[in-house]
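Notes to accompany the following structure.
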Amino acid sequence: MNSKYTIEPAYIEGEKGLLFSIHYRPHDLEKKSECFIVVQSFAEEMNRCRYMCTMLAQLLGKNNFGYLLVDSYGTGDSEGDFIDADWEQGCRDLLTAVSYAESLGYNKISLVSIRLGALQTMQVVSSIKKLNRLIFWQPVINGQVALRQFLRIKIAASIGRNEEPGTIDEFDAAIERGESLDVAGYDISPALYKGMKSSCFDDFIDFNAVPIGWFTTLSSTDRKTPRPELNMIDKWKREGANIDHRIIIGPSYWQVHERTLVPELVSATVDYIMGVD
């Protein structure tokens with residue numbers, strides 16, 4: 001047991017089955033305590049970011065913040081198989097995580113949304129009444145573009161095996177027939193495919209009440225934040241958003257096959273939370 005926090009794994013009731021959760025409870029949890037709920041990405045990106053989440057949990061705990069991670073149904077250590085993963089269900093599971101955090105005694109709920117998790121966050125953000133702030137790690141802002149990039153993995157793997165690779169249109173047709181798609185060992189259900197494809201980074205936020213920390217990790221100082229991200233940040237700022245956009249130099253932790261860590265991102269995130277420039 002750490003002197004600052006206690007680690008509490010638990011299974012909680014979800015709509016379709018039990019959801020695995022892990023809670024880092026600060027020892028002096030009270031009504032004004034803030035809980036940071038991680039909204040994960042999907043498939044292999046989720047696995048590659050797992051230890052980064054643990055590092056964040058440890059540093060948050062040492063600074064007297066709560067941390068909660070809940071695997072949505074069909075992912076991680078929750079019940080169900082990946083073929084059962086459903087985009088809309090994942091959004092509802094996120095709201096279940098929020099309700100669980102409130103039941104633990106938190107009156108301030110903040111979200112740390114990673115990659116595709118940012119899209120799910122935007123889909124439910126207006127339903128979170130005690131939302132204190134949003135933090136984005138390398139957010140995906142267009143589900144259809146992300147899905148096409150994911151499907152290119154399937155095409156490349158087929159070419160590598162000298163198989164007929166198929167096309168995006170053929171994959172769309174298979175999904176419309178109710179078939180699942182195997183991409184890099186993950187069975188993508190029609191519900192997950194369609195939900196991801198139709199999602200976009202746009203929903204109502206009371207920008208005056210919800211500050212946003214937006215973290216972009218670039219491989220070198222020569223690289224620049226992708227233009228679509230900058231356009232979204234500019235658009236939100238024009239609408240009154242309080243966005244602190246910070247750039248971290250480090251490897252693409254969500255892409256690299258071997259475990260790759262960016263401790264600078266974790267420390268910069270907690271510095272932002274604590275108001276450190």
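Letters A, B, ... mark the chains of the structure tokens in the order given; residue numbers begin at 1 per chain; ligand numbers begin at 1, in order shown.
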
Contact residues around Gln40 in chain A with only C-alpha atoms at 9 Å, ignoring same-chain residues under 6 positions, as a ChimeraX atom specification: /A:46,49-50,69-72,112-118

For Tyr193 in chain A: contacts at 9 Å, only C-alpha atoms, fewer than 6 positions along chain excluded, given as a PyMOL selection string: chain A and resi 86-87+147+172+175+180-181

Surrounding residues of range 121-132 of chain A excluding itself and chain neighbours under 4 positions, 6 Å, only C-alpha atoms, as an NGL selection string: :A and (108-110 or 203 or 210)

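Using only C-alpha atoms, the smallest distance between any of A:Glu15, A:Ile141, A:Gly213, A:Glu176 and Pro226 in chain A comes from A:Ile141.
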
Any idea what's packed within 9 Å of Asp28 in chain A, counting only C-alpha atoms, ignoring anything in its chain fewer than 2 positions away? Could you give it as an mmCIF file with C-alpha atoms, in the first residue's frame?
data_model
loop_
_atom_site.group_PDB
_atom_site.id
_atom_site.type_symbol
_atom_site.label_atom_id
_atom_site.label_comp_id
_atom_site.auth_asym_id
_atom_site.auth_seq_id
_atom_site.Cartn_x
_atom_site.Cartn_y
_atom_site.Cartn_z
ATOM 1 C CA LYS A 4 -0.709 8.410 -0.438
ATOM 2 C CA TYR A 5 -3.261 6.093 -2.070
ATOM 3 C CA ARG A 25 -8.148 6.038 -3.954
ATOM 4 C CA PRO A 26 -6.466 8.975 -2.200
ATOM 5 C CA GLU A 30 -13.694 13.826 0.380
ATOM 6 C CA SER A 33 -11.753 15.430 -4.323
ATOM 7 C CA ASN A 64 -3.948 13.319 -3.797
#

Spatial neighbours of Leu265 in chain A, 10 Å, only C-alpha atoms, chain gap at least 3 places, as a PyMOL selection string: chain A and resi 52+56+137+215-217+246-250+261-262+268-271

Residues flagged strand (DSSP E or B) by DSSP in range 51-124 of chain A, as a list in words: Gly66, Tyr67, Leu68, Leu69, Val70, Lys108, Ile109, Ser110, Leu111, Val112, Ser113 and Ile114 of chain A

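The interatomic distance for the pair CA of Phe171 in chain A and CA of Phe150 in chain A works out to 11.9 Å.
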
Helix (DSSP H, G or I) positions in range 19-124 of chain A, given as a count of residues only: 47

Shell of 9 Å around Tyr51 in chain A, only C-alpha atoms, local chain residues under 3 positions omitted, as a VMD selection string: chain A and resid 47 to 48 54 to 56 259 to 261

Those same residues - C-alpha atoms - I'd like them written as a compact mmCIF listing (two decimals), in the first residue's frame.
# COMPACT_ATOMS: atom_id res chain seq x y z
CA ASN A 47 -2.79 -2.34 -24.85
CA ARG A 48 0.11 -0.10 -25.83
CA THR A 54 -0.53 3.17 -14.75
CA MET A 55 2.18 5.83 -14.62
CA LEU A 56 -0.51 8.53 -14.67
CA ARG A 259 6.31 -1.01 -24.77
CA THR A 260 7.21 2.64 -25.24
CA LEU A 261 6.77 5.22 -22.52
